[in-house]
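Below is one structure, written out as structure tokens; comments come after it.
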Amino acid sequence: METYGLEKLGILNAKAVYRNLTPAVLTEKALQRGEGELMDTGALVVKTGKYTGRSAQDKFIVDTPAVHDKIAWGKVNVPVSREKFNAIKAKICAYLQGREIFIFDGMAGADPACTQKFRIINELASQNLFIRDLLIRPTDEELAAFGDPDYTLIAAPGFKCDPEIDGTRSEAAIMIDYEAHMIIICGSQYAGEIKKSVFSTMNFILPQQGVLPMHCSCNMDPETKETAVFFGLSGTGKTTLSADPKRMLIGDDEHGWSDHGVFNIEGGCYAKCIDLVEEEQPEIYHAIRFGALVENVVIDPEKRTPDYSDSTLAVNSRVGYPVEFIPNAAVPGVGGIPKVVIFLTCDSFGVLPPISQLSKEAAMYQFVTGFTSKVAGTEIGVTEPVPTFSTLFGEPFMPLKAQVYADMLGERIEKYNTKVYLVNTGWVSGPAVDPKTGEKNKRMKLSYTRAMITAALNDAYAKEGVAFEHNDIFNLEVPTSVPGADVPAEIMNPRNLWADKAAYDEQAKKLAKMFQKNFEEKYPDMPENVKNAGPKA
């Protein structure tokens, strides 16, 4: 029996070893092993148990002299010793002895100059199906010539750590040893841990190759190949706004920006399922079919129909599928030099303009700041908007110091004259929840946001000679109208829409001070010209 070097890792006497099985066989194996069930579309549905999302506090990076000075250590990038990593890895490998092992050899990085080979070793057939969907799938010829991987990842959710013995925070552990090119995941069946561990690894590798890794979606014009990049945290509309039927989807989450253009790091998509409606997101709705892996969606036991509105198992229900399941996907996932970069934010304070054009320095400031906000009233104890600042719009996955990535973005904006916009998809006529009455206000109309972004992609603001006004508090350049679209001019300045102008000024200055405090605490060494491009409370 071919074992593909499992013995070198310490995985001995495997019951069976399967490599790069087809979706049909992996689905059959998962069903035979009781890992899940089929829904009416043919997609495999599993329950991930205790962990229905990423366990950020259980993520560690092995601290060695070779990487120590490169890593941005802190609450996100937490160090662990090589000895502790090796001890847990040995236990995982011993746990896997005598079991069926599923291997997927695939790639990350659609640009051949940047491709890394990953060997994913799974305890579960369903997780092997997931990562087959999410990584770039090799051809038969590429698989035959695969050789040794650049990185190896072992995922054994059935192995639980003992915090007292293993020195972990909980039964779960997600650990990366960049120097040894090894990743281990245990205790959690949430498949997103595998995907994001690969991404975190690429975010360490690519800058050293002169490539900017980005937590973003990308699309392009099918004729001109002009490319746009969409950054945004959860709830900002990144997936919805980049899924434009008039443009080709390069990828929905992870990309690199090289001297050749942008490229998808992945070969698949990982979309949210909660409240999924065919009319609103038809591409994702119809991608949930045979070959896809669905997590924590409630299924009718007899009809096997899904109830996407039922959050009993998880609010964060998900589906993983190959990017080819999207009709207008660009395969392979490569595009040109970005013409436009969009930073999406959901401002529940209701004070940021709906769209602003950023200078290079302002773009670097907003990039490292990564602002969005949680809505008041959505969580127990939250009585007013709660700001969230996630460095680079993807702080949990960026191991290097923020300035490394920010400098690379600034260099590209200047070199390629890329235009950058900050788009507020949240509230503009008042806060999400009125602090006095408790009434909920409405978010910016999606049609208006689409029109503003379309104008940016077509460079209409410049071509039509649209005038810009300077927002003194947030230090932003705001267009006074949206050319070629039925968007009311008064909404371009949110202060116009507030009945109480003094209340607007108070809220705006409050948010601006939050920006300043976050920047001063997290990025004290950033250049003054970048710092000065931020809000001026």
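Residue names in the structure tokens use chain letters A, B, ... in the order shown, residue numbers from 1 in each chain, and ligand numbers from 1 in the order shown.
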
Which residues in segment 204-440 of chain A does DSSP call helix (DSSP H, G or I)? List them as a ChimeraX atom specification. /A:204-209,238-242,282-287,323-325,360-369,391-393,395-397,402-416

Exercise. Might you pull out every residue within 8 Å of segment 507-519 of chain A, with only C-alpha atoms counted and same-chain residues fewer than 4 positions away left off, and present them as a PyMOL selection string?
Key: chain A and resi 349+351-352+369+387+389+473-474+503+523-524+531+534-537

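Among A:Lys50, A:Lys59, A:Arg443, A:Arg450, the residue with the shortest atom-to-atom distance to Pro79 of chain A, counting only C-alpha atoms, is A:Lys59.
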
Margin query: For Gly235 of chain A, find every residue with an atom within 12 Å (counting only C-alpha atoms), except residues of its own chain fewer than 4 positions away, and show them as a ChimeraX atom specification.
Written below: /A:231,239-241,272,316,344-348,371-375,388,424-426,443

Go ahead and save the picked residues with N, CA, C and O atoms, as a PDB file, in the first residue's frame.
```
ATOM      1  N   PHE A 231     -11.991  44.773  -0.736  1.00  0.00           N
ATOM      2  CA  PHE A 231     -11.673  44.410   0.635  1.00  0.00           C
ATOM      3  C   PHE A 231     -12.917  44.635   1.496  1.00  0.00           C
ATOM      4  O   PHE A 231     -13.686  45.553   1.245  1.00  0.00           O
ATOM      5  N   THR A 239     -18.962  39.873  -0.750  1.00  0.00           N
ATOM      6  CA  THR A 239     -19.361  38.802  -1.659  1.00  0.00           C
ATOM      7  C   THR A 239     -20.460  39.273  -2.600  1.00  0.00           C
ATOM      8  O   THR A 239     -20.410  39.036  -3.817  1.00  0.00           O
ATOM      9  N   THR A 240     -21.460  39.967  -2.059  1.00  0.00           N
ATOM     10  CA  THR A 240     -22.593  40.424  -2.866  1.00  0.00           C
ATOM     11  C   THR A 240     -22.161  41.414  -3.932  1.00  0.00           C
ATOM     12  O   THR A 240     -22.559  41.304  -5.102  1.00  0.00           O
ATOM     13  N   LEU A 241     -21.325  42.386  -3.571  1.00  0.00           N
ATOM     14  CA  LEU A 241     -20.954  43.443  -4.508  1.00  0.00           C
ATOM     15  C   LEU A 241     -19.941  42.988  -5.552  1.00  0.00           C
ATOM     16  O   LEU A 241     -19.901  43.535  -6.655  1.00  0.00           O
ATOM     17  N   LYS A 272     -21.283  31.962   3.008  1.00  0.00           N
ATOM     18  CA  LYS A 272     -22.243  31.840   4.091  1.00  0.00           C
ATOM     19  C   LYS A 272     -23.587  31.361   3.546  1.00  0.00           C
ATOM     20  O   LYS A 272     -23.977  31.717   2.434  1.00  0.00           O
ATOM     21  N   ASN A 316     -23.298  30.788  11.601  1.00  0.00           N
ATOM     22  CA  ASN A 316     -22.234  30.755  10.594  1.00  0.00           C
ATOM     23  C   ASN A 316     -22.297  29.469   9.768  1.00  0.00           C
ATOM     24  O   ASN A 316     -21.318  28.754   9.636  1.00  0.00           O
ATOM     25  N   LEU A 344     -14.542  48.243   1.620  1.00  0.00           N
ATOM     26  CA  LEU A 344     -15.925  48.243   2.069  1.00  0.00           C
ATOM     27  C   LEU A 344     -15.984  48.309   3.589  1.00  0.00           C
ATOM     28  O   LEU A 344     -15.282  47.569   4.275  1.00  0.00           O
ATOM     29  N   THR A 345     -16.819  49.197   4.104  1.00  0.00           N
ATOM     30  CA  THR A 345     -17.032  49.285   5.540  1.00  0.00           C
ATOM     31  C   THR A 345     -18.518  49.424   5.811  1.00  0.00           C
ATOM     32  O   THR A 345     -19.256  49.994   5.000  1.00  0.00           O
ATOM     33  N   CYS A 346     -18.965  48.873   6.910  1.00  0.00           N
ATOM     34  CA  CYS A 346     -20.365  49.017   7.331  1.00  0.00           C
ATOM     35  C   CYS A 346     -20.369  49.890   8.578  1.00  0.00           C
ATOM     36  O   CYS A 346     -20.109  49.411   9.681  1.00  0.00           O
ATOM     37  N   ASP A 347     -20.634  51.168   8.384  1.00  0.00           N
ATOM     38  CA  ASP A 347     -20.587  52.121   9.493  1.00  0.00           C
ATOM     39  C   ASP A 347     -21.952  52.215  10.156  1.00  0.00           C
ATOM     40  O   ASP A 347     -22.875  52.834   9.627  1.00  0.00           O
ATOM     41  N   SER A 348     -22.087  51.627  11.325  1.00  0.00           N
ATOM     42  CA  SER A 348     -23.368  51.689  12.035  1.00  0.00           C
ATOM     43  C   SER A 348     -23.525  52.984  12.832  1.00  0.00           C
ATOM     44  O   SER A 348     -24.580  53.229  13.418  1.00  0.00           O
ATOM     45  N   PHE A 371     -11.578  49.234   9.197  1.00  0.00           N
ATOM     46  CA  PHE A 371     -12.729  49.530  10.049  1.00  0.00           C
ATOM     47  C   PHE A 371     -14.039  48.962   9.520  1.00  0.00           C
ATOM     48  O   PHE A 371     -14.333  49.019   8.329  1.00  0.00           O
ATOM     49  N   THR A 372     -14.829  48.421  10.411  1.00  0.00           N
ATOM     50  CA  THR A 372     -16.273  48.237  10.231  1.00  0.00           C
ATOM     51  C   THR A 372     -16.866  48.293  11.629  1.00  0.00           C
ATOM     52  O   THR A 372     -16.156  48.602  12.585  1.00  0.00           O
ATOM     53  N   SER A 373     -18.147  48.030  11.788  1.00  0.00           N
ATOM     54  CA  SER A 373     -18.716  48.094  13.134  1.00  0.00           C
ATOM     55  C   SER A 373     -19.865  47.132  13.315  1.00  0.00           C
ATOM     56  O   SER A 373     -20.589  46.817  12.378  1.00  0.00           O
ATOM     57  N   LYS A 374     -19.989  46.642  14.543  1.00  0.00           N
ATOM     58  CA  LYS A 374     -21.114  45.803  14.920  1.00  0.00           C
ATOM     59  C   LYS A 374     -22.308  46.698  15.224  1.00  0.00           C
ATOM     60  O   LYS A 374     -22.147  47.820  15.689  1.00  0.00           O
ATOM     61  N   VAL A 375     -23.482  46.179  14.975  1.00  0.00           N
ATOM     62  CA  VAL A 375     -24.693  46.969  15.141  1.00  0.00           C
ATOM     63  C   VAL A 375     -25.195  46.888  16.576  1.00  0.00           C
ATOM     64  O   VAL A 375     -25.274  45.806  17.159  1.00  0.00           O
ATOM     65  N   THR A 388     -15.054  47.895  15.033  1.00  0.00           N
ATOM     66  CA  THR A 388     -14.147  46.763  14.868  1.00  0.00           C
ATOM     67  C   THR A 388     -13.033  47.204  13.931  1.00  0.00           C
ATOM     68  O   THR A 388     -13.297  47.624  12.803  1.00  0.00           O
ATOM     69  N   ASN A 424     -19.007  53.077   2.151  1.00  0.00           N
ATOM     70  CA  ASN A 424     -19.780  52.769   3.351  1.00  0.00           C
ATOM     71  C   ASN A 424     -21.102  52.115   2.945  1.00  0.00           C
ATOM     72  O   ASN A 424     -21.986  52.775   2.394  1.00  0.00           O
ATOM     73  N   THR A 425     -21.230  50.821   3.215  1.00  0.00           N
ATOM     74  CA  THR A 425     -22.464  50.101   2.896  1.00  0.00           C
ATOM     75  C   THR A 425     -23.419  50.075   4.088  1.00  0.00           C
ATOM     76  O   THR A 425     -24.446  49.408   4.039  1.00  0.00           O
ATOM     77  N   GLY A 426     -23.072  50.794   5.141  1.00  0.00           N
ATOM     78  CA  GLY A 426     -23.889  50.801   6.353  1.00  0.00           C
ATOM     79  C   GLY A 426     -24.933  51.885   6.346  1.00  0.00           C
ATOM     80  O   GLY A 426     -25.760  51.983   5.436  1.00  0.00           O
ATOM     81  N   ARG A 443     -30.285  50.774   6.248  1.00  0.00           N
ATOM     82  CA  ARG A 443     -28.957  50.857   5.641  1.00  0.00           C
ATOM     83  C   ARG A 443     -29.048  51.528   4.272  1.00  0.00           C
ATOM     84  O   ARG A 443     -30.119  51.685   3.690  1.00  0.00           O
TER      85      ARG A 443
END
```

Do you know which residues are at most 8 Å from segment 83-100 of chain A counting only C-alpha atoms, after dropping those on the same chain fewer than 6 positions away, and could you put them as a list of chain:residue names? A:Leu9, A:Gly10, A:Ile11, A:Leu12, A:Asn13, A:Ala14, A:Lys15, A:Ala16, A:Val17, A:Tyr18, A:Val62, A:Glu123, A:Ala156, A:Phe159, A:Cys161, A:Asp166, A:Gly167, A:Met175, A:Asp177, A:Ile184, A:Cys186

May I have the residues from that selection written out with N, CA and C atoms, as a PDB file, in the first residue's frame?
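This went into selection.pdb:
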```pdb
ATOM      1  N   LEU A   9       6.241  11.160   8.994  1.00  0.00           N
ATOM      2  CA  LEU A   9       5.550  12.058   9.909  1.00  0.00           C
ATOM      3  C   LEU A   9       5.240  11.395  11.236  1.00  0.00           C
ATOM      4  N   GLY A  10       5.304  10.056  11.257  1.00  0.00           N
ATOM      5  CA  GLY A  10       4.960   9.322  12.463  1.00  0.00           C
ATOM      6  C   GLY A  10       3.588   8.680  12.408  1.00  0.00           C
ATOM      7  N   ILE A  11       2.945   8.695  11.229  1.00  0.00           N
ATOM      8  CA  ILE A  11       1.644   8.040  11.058  1.00  0.00           C
ATOM      9  C   ILE A  11       1.902   6.642  10.512  1.00  0.00           C
ATOM     10  N   LEU A  12       1.820   5.645  11.403  1.00  0.00           N
ATOM     11  CA  LEU A  12       2.204   4.277  11.051  1.00  0.00           C
ATOM     12  C   LEU A  12       0.977   3.379  10.938  1.00  0.00           C
ATOM     13  N   ASN A  13       1.126   2.315  10.145  1.00  0.00           N
ATOM     14  CA  ASN A  13       0.114   1.246  10.062  1.00  0.00           C
ATOM     15  C   ASN A  13      -1.288   1.775   9.779  1.00  0.00           C
ATOM     16  N   ALA A  14      -1.377   2.661   8.816  1.00  0.00           N
ATOM     17  CA  ALA A  14      -2.691   3.178   8.434  1.00  0.00           C
ATOM     18  C   ALA A  14      -3.568   2.043   7.922  1.00  0.00           C
ATOM     19  N   LYS A  15      -4.825   2.098   8.267  1.00  0.00           N
ATOM     20  CA  LYS A  15      -5.769   1.079   7.800  1.00  0.00           C
ATOM     21  C   LYS A  15      -5.904   1.136   6.289  1.00  0.00           C
ATOM     22  N   ALA A  16      -5.934   2.340   5.735  1.00  0.00           N
ATOM     23  CA  ALA A  16      -5.975   2.569   4.295  1.00  0.00           C
ATOM     24  C   ALA A  16      -5.539   4.001   4.038  1.00  0.00           C
ATOM     25  N   VAL A  17      -4.941   4.235   2.873  1.00  0.00           N
ATOM     26  CA  VAL A  17      -4.512   5.576   2.500  1.00  0.00           C
ATOM     27  C   VAL A  17      -5.103   5.895   1.132  1.00  0.00           C
ATOM     28  N   TYR A  18      -5.877   6.964   1.072  1.00  0.00           N
ATOM     29  CA  TYR A  18      -6.512   7.380  -0.169  1.00  0.00           C
ATOM     30  C   TYR A  18      -5.950   8.735  -0.578  1.00  0.00           C
ATOM     31  N   VAL A  62       4.677  28.828  15.775  1.00  0.00           N
ATOM     32  CA  VAL A  62       5.904  28.356  16.416  1.00  0.00           C
ATOM     33  C   VAL A  62       6.955  29.463  16.346  1.00  0.00           C
ATOM     34  N   GLU A 123      -8.324  13.189   8.592  1.00  0.00           N
ATOM     35  CA  GLU A 123      -8.985  12.068   9.257  1.00  0.00           C
ATOM     36  C   GLU A 123     -10.354  11.815   8.643  1.00  0.00           C
ATOM     37  N   ALA A 156      -6.912  16.609  12.246  1.00  0.00           N
ATOM     38  CA  ALA A 156      -7.504  15.477  12.978  1.00  0.00           C
ATOM     39  C   ALA A 156      -8.466  16.019  14.031  1.00  0.00           C
ATOM     40  N   PHE A 159      -8.997  14.244  17.517  1.00  0.00           N
ATOM     41  CA  PHE A 159      -8.021  14.303  18.604  1.00  0.00           C
ATOM     42  C   PHE A 159      -8.252  15.568  19.420  1.00  0.00           C
ATOM     43  N   CYS A 161      -7.034  17.997  22.552  1.00  0.00           N
ATOM     44  CA  CYS A 161      -5.924  18.334  23.443  1.00  0.00           C
ATOM     45  C   CYS A 161      -6.400  18.341  24.905  1.00  0.00           C
ATOM     46  N   ASP A 166      -1.091  19.490  27.607  1.00  0.00           N
ATOM     47  CA  ASP A 166      -0.547  19.992  26.344  1.00  0.00           C
ATOM     48  C   ASP A 166      -0.246  21.486  26.359  1.00  0.00           C
ATOM     49  N   GLY A 167      -0.713  22.189  27.399  1.00  0.00           N
ATOM     50  CA  GLY A 167      -0.425  23.615  27.494  1.00  0.00           C
ATOM     51  C   GLY A 167      -1.223  24.466  26.525  1.00  0.00           C
ATOM     52  N   MET A 175      -1.976  25.231  14.812  1.00  0.00           N
ATOM     53  CA  MET A 175      -0.582  25.647  14.972  1.00  0.00           C
ATOM     54  C   MET A 175       0.163  25.588  13.648  1.00  0.00           C
ATOM     55  N   ASP A 177       4.046  25.946  11.945  1.00  0.00           N
ATOM     56  CA  ASP A 177       5.497  26.028  12.078  1.00  0.00           C
ATOM     57  C   ASP A 177       6.038  26.429  10.715  1.00  0.00           C
ATOM     58  N   ILE A 184      -0.644  21.915  11.957  1.00  0.00           N
ATOM     59  CA  ILE A 184      -1.479  20.900  12.602  1.00  0.00           C
ATOM     60  C   ILE A 184      -2.773  21.551  13.086  1.00  0.00           C
ATOM     61  N   CYS A 186      -6.329  20.316  15.290  1.00  0.00           N
ATOM     62  CA  CYS A 186      -7.013  19.244  16.005  1.00  0.00           C
ATOM     63  C   CYS A 186      -8.119  19.825  16.869  1.00  0.00           C
TER      64      CYS A 186
END
```

Min atom-atom distance to Glu477 of chain A from the set A:Val25, A:Val423, A:Val428, A:Met444, counting only C-alpha atoms, belongs to A:Val423

(request) Might you pull out every residue within 6 Å of segment 322-325 of chain A, with only C-alpha atoms counted and same-chain residues fewer than 4 positions away left off, and present them as a PyMOL selection string? (result) chain A and resi 133+267-269+287

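Residues surrounding Asp253 of chain A within 7 Å are His215, Cys216, Ser217, Gly251 and His255 of chain A [only C-alpha atoms; sequence separation below 2 positions excluded].
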
From the list A:Arg33, A:Arg82, A:Lys360, A:Arg304, the nearest residue to Thr64 of chain A using only C-alpha atoms is A:Arg82

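Among the candidates A:Phe102, A:Tyr308, A:Tyr51, A:Trp427, the residue lying nearest to Asp275 of chain A is A:Tyr308 (atoms considered: only C-alpha atoms).
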
In Å and to one decimal, atom CA of Ser81 of chain A is distant from atom CA of Ile194 of chain A by 21.2 Å

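Each of A:Pro399, A:Pro23, A:Phe104, A:Ile174 was checked against Ser197 of chain A using only C-alpha atoms; the smallest atom-to-atom distance is that of A:Ile174.
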
Judged by only C-alpha atoms, the minimum distance to Gly53 of chain A among A:Lys246, A:Phe118, A:Lys238, A:Glu295 is found for A:Glu295

Set the distance at 10 Å and use only C-alpha atoms: which residues neighbour Leu26 of chain A once local chain neighbours fewer than 5 positions away are removed? I'd like the list as a ChimeraX atom specification.
/A:18,20-21,31-32,44,102,124-130,132,291

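Atom CA of Trp257 of chain A lies 5.0 Å from atom CA of Leu212 of chain A.
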